[in-house]
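Participant: Sharing upload37.txt here; it has compact mmCIF, C-alpha atoms.
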# COMPACT_ATOMS: atom_id res chain seq x y z
CA MET A 285 134.17 -112.43 162.43
CA ALA A 286 133.96 -108.76 163.40
CA ARG A 287 132.65 -108.23 166.93
CA ARG A 288 129.92 -105.61 167.08
CA SER A 289 129.86 -103.02 169.84
CA GLY A 290 126.86 -102.67 172.18
CA ARG A 291 125.69 -102.78 175.77
CA ARG A 292 125.88 -106.57 176.01
CA PRO A 293 128.35 -107.48 173.27
CA GLY A 294 129.02 -110.98 174.60
CA ASN A 295 125.36 -111.99 174.68
CA GLN A 296 124.57 -110.48 171.29
CA ASP A 297 127.50 -112.24 169.69
CA THR A 298 126.57 -115.56 171.25
CA ARG A 299 122.99 -115.17 170.06
CA GLN A 300 124.20 -114.35 166.54
CA ASP A 301 126.68 -117.26 166.58
CA ILE A 302 123.85 -119.63 167.48
CA LEU A 303 121.62 -118.27 164.69
CA ASP A 304 124.43 -118.64 162.15
CA ALA A 305 125.08 -122.18 163.34
CA ALA A 306 121.35 -122.98 163.20
CA ARG A 307 121.06 -121.79 159.59
CA SER A 308 124.06 -123.88 158.65
CA VAL A 309 122.85 -127.06 160.41
CA PHE A 310 119.22 -126.75 159.25
CA SER A 311 120.51 -126.18 155.74
CA ASP A 312 122.76 -129.27 155.84
CA LYS A 313 120.48 -131.70 157.66
CA GLY A 314 116.91 -130.45 157.22
CA PHE A 315 114.54 -129.69 160.07
CA ASP A 316 113.96 -133.26 161.28
CA GLN A 317 117.61 -134.33 161.48
CA ALA A 318 118.97 -131.09 162.92
CA SER A 319 119.43 -131.23 166.72
CA ILE A 320 119.96 -128.53 169.31
CA ARG A 321 123.08 -130.44 170.30
CA ALA A 322 124.54 -130.31 166.76
CA ILE A 323 123.73 -126.60 166.50
CA ALA A 324 125.39 -125.94 169.88
CA THR A 325 128.51 -127.85 168.78
CA GLU A 326 128.64 -125.85 165.53
CA ALA A 327 128.29 -122.59 167.52
CA LYS A 328 130.84 -123.80 170.11
CA VAL A 329 128.43 -123.20 173.02
CA ASP A 330 126.68 -125.37 175.60
CA PRO A 331 123.29 -126.78 174.44
CA ALA A 332 121.74 -125.29 177.59
CA LEU A 333 122.63 -121.85 176.26
CA VAL A 334 120.76 -122.54 173.02
CA HIS A 335 117.68 -123.48 175.03
CA HIS A 336 118.17 -120.41 177.20
CA TYR A 337 118.21 -118.04 174.23
CA PHE A 338 115.67 -119.68 171.94
CA GLY A 339 113.60 -122.26 173.83
CA THR A 340 112.56 -125.06 171.46
CA LYS A 341 113.97 -126.23 168.13
CA ASP A 342 110.81 -124.81 166.47
CA LYS A 343 111.51 -121.37 167.85
CA LEU A 344 115.19 -121.46 166.96
CA PHE A 345 114.23 -122.51 163.43
CA LEU A 346 111.79 -119.61 163.04
CA ALA A 347 114.31 -117.15 164.48
CA SER A 348 116.97 -118.39 162.06
CA LEU A 349 114.57 -117.63 159.19
CA ASN A 350 113.58 -114.25 160.70
CA MET A 351 109.98 -115.43 161.08
CA PRO A 352 108.22 -113.24 163.62
CA LEU A 353 105.29 -115.63 164.16
CA ASN A 354 105.15 -119.30 165.01
CA PRO A 355 102.72 -121.35 162.89
CA ALA A 356 103.21 -124.25 165.31
CA GLU A 357 101.33 -122.21 167.91
CA LEU A 358 98.85 -120.40 165.65
CA VAL A 359 97.55 -123.26 163.49
CA PRO A 360 96.43 -125.59 166.32
CA LYS A 361 94.66 -122.62 167.94
CA ALA A 362 92.81 -121.89 164.68
CA LEU A 363 91.75 -125.52 164.23
CA ASP A 364 90.57 -125.81 167.84
CA GLY A 365 86.86 -124.97 168.23
CA PRO A 366 83.67 -125.96 166.38
CA ARG A 367 84.82 -128.62 163.96
CA GLU A 368 82.54 -127.62 161.09
CA GLU A 369 84.05 -124.11 160.92
CA ALA A 370 87.73 -125.13 161.19
CA GLY A 371 88.30 -124.45 157.47
CA GLU A 372 87.02 -120.90 157.75
CA ARG A 373 89.09 -120.26 160.87
CA LEU A 374 92.25 -121.52 159.16
CA VAL A 375 91.71 -119.30 156.09
CA ARG A 376 90.99 -116.33 158.39
CA LEU A 377 94.23 -116.97 160.32
CA VAL A 378 96.34 -117.30 157.17
CA ILE A 379 95.00 -114.07 155.69
CA SER A 380 95.36 -112.14 158.96
CA VAL A 381 99.02 -113.19 159.24
CA TRP A 382 99.91 -112.61 155.58
CA ASP A 383 98.07 -109.26 155.49
CA SER A 384 100.00 -108.11 158.59
CA PRO A 385 103.51 -106.58 158.60
CA ALA A 386 104.81 -110.10 159.35
CA GLY A 387 103.38 -111.22 156.02
CA VAL A 388 106.13 -109.44 154.09
CA ALA A 389 108.70 -111.79 155.64
CA ALA A 390 106.46 -114.78 154.91
CA VAL A 391 106.09 -113.83 151.24
CA ALA A 392 109.85 -113.31 150.93
CA LEU A 393 110.45 -116.70 152.54
CA MET A 394 108.03 -118.49 150.20
CA ARG A 395 109.58 -116.81 147.16
CA SER A 396 113.04 -117.95 148.25
CA ALA A 397 111.81 -121.48 148.92
CA MET A 398 110.56 -121.69 145.31
CA SER A 399 114.13 -121.61 144.00
CA ASN A 400 116.09 -122.97 146.95
CA GLU A 401 116.05 -126.71 147.49
CA TRP A 402 116.98 -126.75 151.18
CA LEU A 403 114.52 -124.02 152.04
CA ALA A 404 111.80 -125.94 150.17
CA ARG A 405 112.68 -129.02 152.20
CA LEU A 406 112.51 -127.05 155.45
CA MET A 407 109.13 -125.55 154.54
CA ARG A 408 107.89 -129.02 153.70
CA GLU A 409 109.13 -130.61 156.90
CA PHE A 410 108.26 -127.78 159.22
CA VAL A 411 105.01 -126.30 157.91
CA VAL A 412 103.42 -129.43 156.52
CA THR A 413 104.73 -132.25 158.67
CA GLN A 414 105.31 -130.52 162.00
CA VAL A 415 102.49 -128.02 161.97
CA LEU A 416 99.62 -129.02 159.68
CA ARG A 417 99.81 -132.78 160.05
CA ARG A 418 100.00 -132.60 163.84
CA ALA A 419 97.10 -130.18 164.05
CA ILE A 420 94.97 -132.39 161.79
CA HIS A 421 95.96 -135.39 163.86
CA GLU A 422 94.65 -133.48 166.89
CA MET A 423 91.30 -133.21 165.09
CA GLY A 424 91.12 -137.00 165.18
CA MET A 425 92.45 -137.85 161.70
CA GLN A 426 94.93 -140.72 161.68
CA GLY A 427 98.11 -141.71 159.84
CA GLU A 428 97.93 -141.70 156.06
CA ASP A 429 94.59 -139.96 156.08
CA ALA A 430 96.01 -137.07 158.15
CA ALA A 431 99.02 -136.90 155.80
CA LEU A 432 96.86 -136.64 152.68
CA ARG A 433 94.52 -134.11 154.26
CA SER A 434 97.37 -131.90 155.45
CA ALA A 435 99.03 -131.91 152.02
CA LEU A 436 95.69 -131.05 150.38
CA VAL A 437 95.14 -128.19 152.84
CA ALA A 438 98.68 -127.05 151.96
CA THR A 439 97.75 -126.90 148.24
CA GLN A 440 94.89 -124.49 148.97
CA ILE A 441 96.79 -122.34 151.46
CA ALA A 442 99.95 -122.12 149.33
CA GLY A 443 97.84 -121.30 146.27
CA LEU A 444 95.95 -118.56 148.10
CA ALA A 445 99.28 -117.05 149.16
CA VAL A 446 100.75 -117.23 145.65
CA ILE A 447 97.69 -115.75 143.93
CA ARG A 448 96.92 -113.02 146.51
CA TYR A 449 100.43 -111.90 147.50
CA VAL A 450 102.85 -112.89 144.72
CA PHE A 451 100.92 -112.90 141.43
CA LYS A 452 98.34 -110.44 142.84
CA VAL A 453 95.46 -111.73 140.74
CA GLU A 454 92.28 -109.65 141.08
CA PRO A 455 89.75 -109.79 142.64
CA VAL A 456 91.48 -112.15 145.12
CA ALA A 457 94.43 -109.77 145.60
CA SER A 458 92.32 -106.97 147.05
CA ALA A 459 89.25 -108.87 148.29
CA ASP A 460 88.35 -108.22 151.92
CA PRO A 461 89.34 -111.13 154.17
CA GLU A 462 85.79 -112.26 155.01
CA THR A 463 84.88 -112.60 151.32
CA LEU A 464 87.79 -115.01 150.94
CA VAL A 465 86.93 -116.80 154.19
CA ARG A 466 83.43 -117.51 152.84
CA ALA A 467 84.68 -118.50 149.37
CA ILE A 468 87.69 -120.63 150.36
CA GLY A 469 86.85 -121.80 153.90
CA PRO A 470 84.39 -124.53 152.81
CA ASN A 471 86.99 -125.95 150.40
CA VAL A 472 89.58 -126.19 153.17
CA GLN A 473 86.87 -127.71 155.37
CA ARG A 474 86.31 -130.50 152.84
CA TYR A 475 90.02 -131.31 152.92
CA LEU A 476 90.01 -131.31 156.72
CA THR A 477 86.90 -133.37 157.46
CA GLY A 478 85.06 -134.14 154.23
CA ASP A 479 84.65 -137.26 152.13
CA LEU A 480 87.64 -137.46 149.79
CA MET B 1 124.60 -109.79 117.24
CA ALA B 2 126.49 -112.84 115.92
CA ARG B 3 124.77 -114.50 112.96
CA ARG B 4 124.53 -118.25 113.35
CA SER B 5 125.33 -120.60 110.47
CA GLY B 6 122.74 -123.10 109.20
CA ARG B 7 120.76 -124.29 106.22
CA ARG B 8 118.34 -121.37 106.32
CA PRO B 9 120.28 -118.72 108.19
CA GLY B 10 118.08 -115.82 107.07
CA ASN B 11 114.83 -117.43 108.26
CA GLN B 12 116.29 -118.68 111.52
CA ASP B 13 117.72 -115.27 112.30
CA THR B 14 114.44 -113.55 111.52
CA ARG B 15 112.56 -115.98 113.75
CA GLN B 16 115.05 -115.41 116.55
CA ASP B 17 114.93 -111.63 116.10
CA ILE B 18 111.15 -111.74 116.42
CA LEU B 19 111.35 -113.88 119.58
CA ASP B 20 113.91 -111.49 121.12
CA ALA B 21 111.71 -108.52 120.23
CA ALA B 22 108.65 -110.28 121.66
CA ARG B 23 110.37 -110.94 124.98
CA SER B 24 111.44 -107.32 125.17
CA VAL B 25 108.02 -105.87 124.27
CA PHE B 26 106.02 -108.30 126.50
CA SER B 27 108.43 -107.48 129.32
CA ASP B 28 108.00 -103.70 128.87
CA LYS B 29 104.27 -103.54 128.20
CA GLY B 30 102.72 -106.69 129.60
CA PHE B 31 100.62 -109.12 127.58
CA ASP B 32 97.55 -106.93 127.08
CA GLN B 33 99.35 -103.82 125.85
CA ALA B 34 101.91 -105.58 123.67
CA SER B 35 100.93 -105.64 119.98
CA ILE B 36 102.17 -107.67 117.04
CA ARG B 37 102.83 -104.33 115.34
CA ALA B 38 105.08 -103.09 118.18
CA ILE B 39 106.95 -106.39 118.22
CA ALA B 40 107.43 -106.24 114.44
CA THR B 41 108.76 -102.67 114.72
CA GLU B 42 111.18 -103.73 117.48
CA ALA B 43 112.38 -106.66 115.33
CA LYS B 44 112.54 -104.43 112.22
CA VAL B 45 110.32 -106.76 110.18
CA ASP B 46 106.87 -106.52 108.60
CA PRO B 47 103.97 -107.47 110.96
CA ALA B 48 102.81 -109.97 108.32
CA LEU B 49 106.05 -111.86 108.83
CA VAL B 50 105.36 -112.14 112.57
CA HIS B 51 101.94 -113.63 111.79
CA HIS B 52 103.54 -115.91 109.22
CA TYR B 53 106.03 -117.34 111.71
CA PHE B 54 103.95 -117.45 114.87
CA GLY B 55 100.25 -117.03 114.09
CA THR B 56 98.49 -115.28 116.98
CA LYS B 57 99.81 -113.09 119.80
CA ASP B 58 99.03 -115.98 122.20
CA LYS B 59 101.25 -118.33 120.25
CA LEU B 60 104.06 -115.81 119.92
CA PHE B 61 103.87 -115.20 123.66
CA LEU B 62 104.12 -118.92 124.46
CA ALA B 63 107.00 -119.36 122.00
CA SER B 64 108.85 -116.43 123.57
CA LEU B 65 108.59 -118.20 126.95
CA ASN B 66 109.56 -121.58 125.45
CA MET B 67 106.15 -123.01 126.41
CA PRO B 68 105.47 -126.12 124.31
CA LEU B 69 101.73 -126.20 125.05
CA ASN B 70 99.02 -123.59 124.75
CA PRO B 71 96.72 -123.33 127.77
CA ALA B 72 94.43 -121.09 125.72
CA GLU B 73 93.57 -124.17 123.65
CA LEU B 74 93.71 -126.84 126.36
CA VAL B 75 91.69 -125.22 129.15
CA PRO B 76 88.51 -124.49 127.16
CA LYS B 77 88.61 -128.07 125.86
CA ALA B 78 88.84 -129.41 129.41
CA LEU B 79 85.94 -127.26 130.63
CA ASP B 80 83.76 -128.23 127.67
CA GLY B 81 81.56 -131.27 128.42
CA PRO B 82 79.29 -132.32 131.31
CA ARG B 83 79.23 -129.26 133.53
CA GLU B 84 79.19 -131.13 136.85
CA GLU B 85 82.53 -132.83 136.08
CA ALA B 86 84.36 -129.76 134.76
CA GLY B 87 86.42 -129.45 137.97
CA GLU B 88 87.68 -133.01 137.70
CA ARG B 89 88.52 -132.56 134.01
CA LEU B 90 90.49 -129.39 134.74
CA VAL B 91 92.53 -131.05 137.51
CA ARG B 92 93.15 -134.07 135.23
CA LEU B 93 94.38 -131.75 132.45
CA VAL B 94 96.69 -129.78 134.74
CA ILE B 95 98.28 -132.92 136.18
CA SER B 96 98.69 -134.56 132.76
CA VAL B 97 100.48 -131.48 131.42
CA TRP B 98 102.68 -130.91 134.49
CA ASP B 99 103.55 -134.61 134.77
CA SER B 100 104.61 -134.65 131.09
CA PRO B 101 108.03 -133.58 129.76
CA ALA B 102 106.47 -130.17 129.06
CA GLY B 103 105.85 -129.81 132.78
CA VAL B 104 109.53 -129.19 133.47
CA ALA B 105 109.34 -125.95 131.47
CA ALA B 106 106.10 -125.00 133.23
CA VAL B 107 107.65 -125.51 136.69
CA ALA B 108 110.71 -123.48 135.69
CA LEU B 109 108.45 -120.71 134.41
CA MET B 110 106.38 -120.61 137.59
CA ARG B 111 109.54 -120.53 139.74
CA SER B 112 110.87 -117.60 137.72
CA ALA B 113 107.55 -115.77 137.94
CA MET B 114 107.72 -115.95 141.75
CA SER B 115 110.70 -113.58 141.81
CA ASN B 116 110.25 -111.65 138.57
CA GLU B 117 107.66 -108.90 138.53
CA TRP B 118 107.09 -108.72 134.77
CA LEU B 119 106.81 -112.47 134.43
CA ALA B 120 104.30 -112.51 137.31
CA ARG B 121 102.30 -109.83 135.50
CA LEU B 122 102.39 -111.85 132.26
CA MET B 123 101.26 -115.03 134.02
CA ARG B 124 98.46 -113.07 135.65
CA GLU B 125 97.29 -111.45 132.43
CA PHE B 126 97.70 -114.46 130.21
CA VAL B 127 96.80 -117.48 132.30
CA VAL B 128 94.15 -115.93 134.51
CA THR B 129 92.59 -113.21 132.41
CA GLN B 130 92.99 -114.58 128.89
CA VAL B 131 92.62 -118.27 129.55
CA LEU B 132 90.71 -119.06 132.75
CA ARG B 133 88.35 -116.11 132.80
CA ARG B 134 87.36 -116.58 129.16
CA ALA B 135 86.79 -120.30 129.63
CA ILE B 136 84.64 -119.69 132.71
CA HIS B 137 82.75 -117.02 130.82
CA GLU B 138 82.05 -119.67 128.16
CA MET B 139 80.47 -121.79 130.91
CA GLY B 140 77.92 -119.03 131.37
CA MET B 141 79.43 -117.10 134.30
CA GLN B 142 79.35 -113.35 133.85
CA GLY B 143 81.55 -110.34 134.65
CA GLU B 144 82.69 -110.00 138.25
CA ASP B 145 81.45 -113.47 139.12
CA ALA B 146 83.59 -115.00 136.36
CA ALA B 147 86.57 -112.95 137.55
CA LEU B 148 86.25 -114.14 141.16
CA ARG B 149 85.69 -117.75 140.11
CA SER B 150 88.70 -117.77 137.80
CA ALA B 151 90.98 -116.29 140.48
CA LEU B 152 89.73 -118.88 143.01
CA VAL B 153 90.35 -121.70 140.52
CA ALA B 154 93.82 -120.22 140.06
CA THR B 155 94.50 -120.47 143.82
CA GLN B 156 93.78 -124.20 143.79
CA ILE B 157 95.67 -124.94 140.56
CA ALA B 158 98.72 -122.84 141.51
CA GLY B 159 98.75 -124.43 144.96
CA LEU B 160 98.57 -127.94 143.52
CA ALA B 161 101.52 -127.13 141.25
CA VAL B 162 103.59 -125.62 144.09
CA ILE B 163 102.95 -128.49 146.52
CA ARG B 164 103.29 -131.38 144.02
CA TYR B 165 106.13 -130.11 141.82
CA VAL B 166 108.10 -127.49 143.74
CA PHE B 167 107.83 -128.30 147.46
CA LYS B 168 107.13 -131.99 146.68
CA VAL B 169 104.98 -132.58 149.75
CA GLU B 170 103.95 -136.22 150.22
CA PRO B 171 101.60 -137.91 149.61
CA VAL B 172 100.49 -135.32 147.01
CA ALA B 173 103.92 -135.31 145.30
CA SER B 174 103.74 -138.97 144.28
CA ALA B 175 99.96 -139.62 144.35
CA ASP B 176 98.56 -141.14 141.18
CA PRO B 177 96.67 -138.57 139.09
CA GLU B 178 93.20 -140.05 139.62
CA THR B 179 93.54 -139.91 143.41
CA LEU B 180 94.18 -136.19 143.11
CA VAL B 181 91.38 -135.76 140.55
CA ARG B 182 88.92 -137.26 143.05
CA ALA B 183 90.32 -135.30 146.01
CA ILE B 184 90.75 -131.89 144.37
CA GLY B 185 88.25 -131.97 141.46
CA PRO B 186 85.16 -131.30 143.63
CA ASN B 187 86.86 -128.29 145.22
CA VAL B 188 87.61 -126.80 141.80
CA GLN B 189 84.03 -127.63 140.80
CA ARG B 190 82.71 -125.54 143.69
CA TYR B 191 84.77 -122.57 142.50
CA LEU B 192 83.51 -123.05 138.95
CA THR B 193 79.80 -123.54 139.51
CA GLY B 194 79.06 -123.74 143.25
CA ASP B 195 77.48 -121.35 145.73
CA LEU B 196 80.21 -119.01 146.99
Step by step, read the file and then write its structure as structure tokens.

Facilitator:
Amino acid sequence: MARRSGRRPGNQDTRQDILDAARSVFSDKGFDQASIRAIATEAKVDPALVHHYFGTKDKLFLASLNMPLNPAELVPKALDGPREEAGERLVRLVISVWDSPAGVAAVALMRSAMSNEWLARLMREFVVTQVLRRAIHEMGMQGEDAALRSALVATQIAGLAVIRYVFKVEPVASADPETLVRAIGPNVQRYLTGDL
Amino acid sequence: MARRSGRRPGNQDTRQDILDAARSVFSDKGFDQASIRAIATEAKVDPALVHHYFGTKDKLFLASLNMPLNPAELVPKALDGPREEAGERLVRLVISVWDSPAGVAAVALMRSAMSNEWLARLMREFVVTQVLRRAIHEMGMQGEDAALRSALVATQIAGLAVIRYVFKVEPVASADPETLVRAIGPNVQRYLTGDL
């Protein structure tokens, strides 16, 4: 591998080696089975160095996918607060992220996941199991119920993303965020806390 | 172009020429602007022959995409009937089609549309504008309201398809259809007839 020049070439190369190793290990094993230790071994560095550069497995995963934002931090924050408005807050969060410059990377990632089996598996394990299901569990939903609710929330959020950002169907594509929050929020709310 | 052998080589070739021309014209002009006349010109045949082989522009479009079922016929049928259960009927229809052998082609088509601009435009114009919006108009919704409602229904239906068939998120991926009809039907119903 060609070494790049720079002020701290050693550090930059190590960081890049870890990211390459992370992509390879996540791709082979999926999010759940991949370990910091296995990624460190693949990158031929000490696991402590992986933690030093990237912190948690979540953060390393997002960095390896070039994701500038961490849904594992944002989603629980959105769901925290008055319970009966959690659906609206979640829709507002999703739109604010996807409308932002970071949204371009998110759309590209979702497009890729549609035709890439390992990326689809990672999205499934990370976004749905790690992020949504945990956050819904925090709201007091248990076990199978939390699993069903999080997958149902995922149908509405994924569909909003596909229709607004990929297929660009009007008037959803150019609607102002609060119009969509009012229209879609109550549906997400039903999946979160309603009678199914 | 190589001529294929067969019992009715002339007819088969003409049919194939029309399909090739249709793909090319739909791709260039989109669904709305493409005409049977332009497709006939491209295929160097009489427009009457296009009608003879394929019937309407809808049907030619679906044949050119290898779609075995016509949503323009199925969706209005599903929405017809007791108004307060239209959402459940639409979800039941979508799942029955996508769970069937024809669903494989539909999933492949949606995957392709995610990374293909002209296919995304065709899906948008055909499925949302031609099919959903007209059917919702038939239910008595007018103009901009029908447009918003059909795009919102599209978010839920597209999201269900992505989560159940592409990302395969459990328990939605292997839930029995009636569980999903009960869980998702009322949300679609709100988009169809509810207070937004």

Participant: Counting all atoms listed in the file, which residues come within 10 Å of (109.8, -110.4, 126.8), with the point read in the file's coordinates, and could you list them as a list in words?

Facilitator: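 Every polymer residue passing the test: Leu19, Asp20, Ala21, Ala22, Arg23, Ser24, Val25, Phe26, Ser27, Asp28, Lys29, Gly30, Phe31, Ala34, Ile39, Phe61, Ser64, Leu65, Trp118, Leu119 and Leu122 of chain B.
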
Participant: List as CSV every residue of chain B that is in contact with chain A, defined as an atom at most 7 Å from one of its atoms (using all atoms listed in the file), together with the nearest atom pair and the distance in Å rounded to one decimal, sorted by chain and then rising number.

Facilitator:
residue,atom,partner,partner_atom,distance
B:Arg111,CA,A:Met398,CA,5.8
B:Met114,CA,A:Arg395,CA,5.8
B:Ser115,CA,A:Arg395,CA,6.3
B:Ala120,CA,A:Phe451,CA,5.3
B:Arg121,CA,A:Phe451,CA,6.8
B:Arg124,CA,A:Val453,CA,6.1
B:Ala147,CA,A:Pro455,CA,6.8
B:Leu148,CA,A:Pro455,CA,5.8
B:Ala151,CA,A:Val456,CA,6.2
B:Thr155,CA,A:Gly443,CA,4.2
B:Gln156,CA,A:Gln440,CA,5.3
B:Ala158,CA,A:Gly443,CA,5.1
B:Gly159,CA,A:Gly443,CA,3.5
B:Leu160,CA,A:Thr439,CA,4.9
B:Ile163,CA,A:Thr439,CA,5.7
B:Val166,CA,A:Met398,CA,6.5
B:Phe167,CA,A:Ala404,CA,5.4
B:Val169,CA,A:Arg408,CA,6.1
B:Glu170,CA,A:Ala435,CA,6.8
B:Pro171,CA,A:Leu432,CA,5.8
B:Val172,CA,A:Ala435,CA,6.2
B:Arg182,CA,A:Leu480,CA,6.9
B:Ala183,CA,A:Leu480,CA,5.1
B:Asn187,CA,A:Asn471,CA,5.7
B:Leu196,CA,A:Ala467,CA,5.1

Participant: Grab the atom CA of A:Asn350 to atom CA of A:Ala386 distance for me, in Å with one decimal place.

Facilitator: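 Between atom CA of A:Asn350 and atom CA of A:Ala386 the gap is 9.8 Å.
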
Participant: In Å, with one decimal, what is the gap from atom CA of A:Leu363 to atom CA of A:Gln317?

Facilitator: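 Straight-line distance from atom CA of A:Leu363 to atom CA of A:Gln317 works out to 27.5 Å.
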
Participant: Counting all atoms listed in the file, what is within 12 Å of A:Leu333, bar same-chain residues fewer than 5 positions away, as a PyMOL selection string?

Facilitator: chain A and resi 295+298-299+301-302+320-321+323-325+327-328+338-340+344

Participant: Taking 6 positions as the minimum chain separation for residues in the same chain, which residues sit within 12 Å of B:Gly140 when counting all atoms listed in the file? Answer as a PDB file with C-alpha atoms, keeping the file's coordinate frame.

Facilitator:
ATOM      1  CA  LEU B  79      85.940-127.260 130.630  1.00  0.00           C
ATOM      2  CA  ASP B  80      83.760-128.230 127.670  1.00  0.00           C
ATOM      3  CA  ARG B  83      79.230-129.260 133.530  1.00  0.00           C
ATOM      4  CA  ARG B 133      88.350-116.110 132.800  1.00  0.00           C
ATOM      5  CA  ARG B 134      87.360-116.580 129.160  1.00  0.00           C
ATOM      6  CA  ALA B 146      83.590-115.000 136.360  1.00  0.00           C
ATOM      7  CA  ARG B 149      85.690-117.750 140.110  1.00  0.00           C
ATOM      8  CA  LEU B 192      83.510-123.050 138.950  1.00  0.00           C
ATOM      9  CA  THR B 193      79.800-123.540 139.510  1.00  0.00           C
TER      10      THR B 193
END

Participant: Enter the distance from atom CA of A:Gln296 to atom CA of A:Tyr337, in Å, rounded to one decimal.

Facilitator: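 For atom CA of A:Gln296 relative to atom CA of A:Tyr337, the distance reads 10.3 Å.
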
Participant: Kindly provide, as JSON, the centre and edge lengths (Å, one decimal) of an axis-aligned box around all atoms of stretch 319-329 of chain A given in the file, with 5 Å on each side.

Facilitator:
{"center_x": 125.1, "center_y": -126.9, "center_z": 169.3, "size_x": 21.4, "size_y": 18.6, "size_z": 17.5}

Participant: Would you please work out which residue, of B:Ile95, B:Ser100, B:Pro76, B:Phe126, is nearest to B:Leu62 when using all atoms listed in the file?

Facilitator: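 Closest candidate: B:Phe126.
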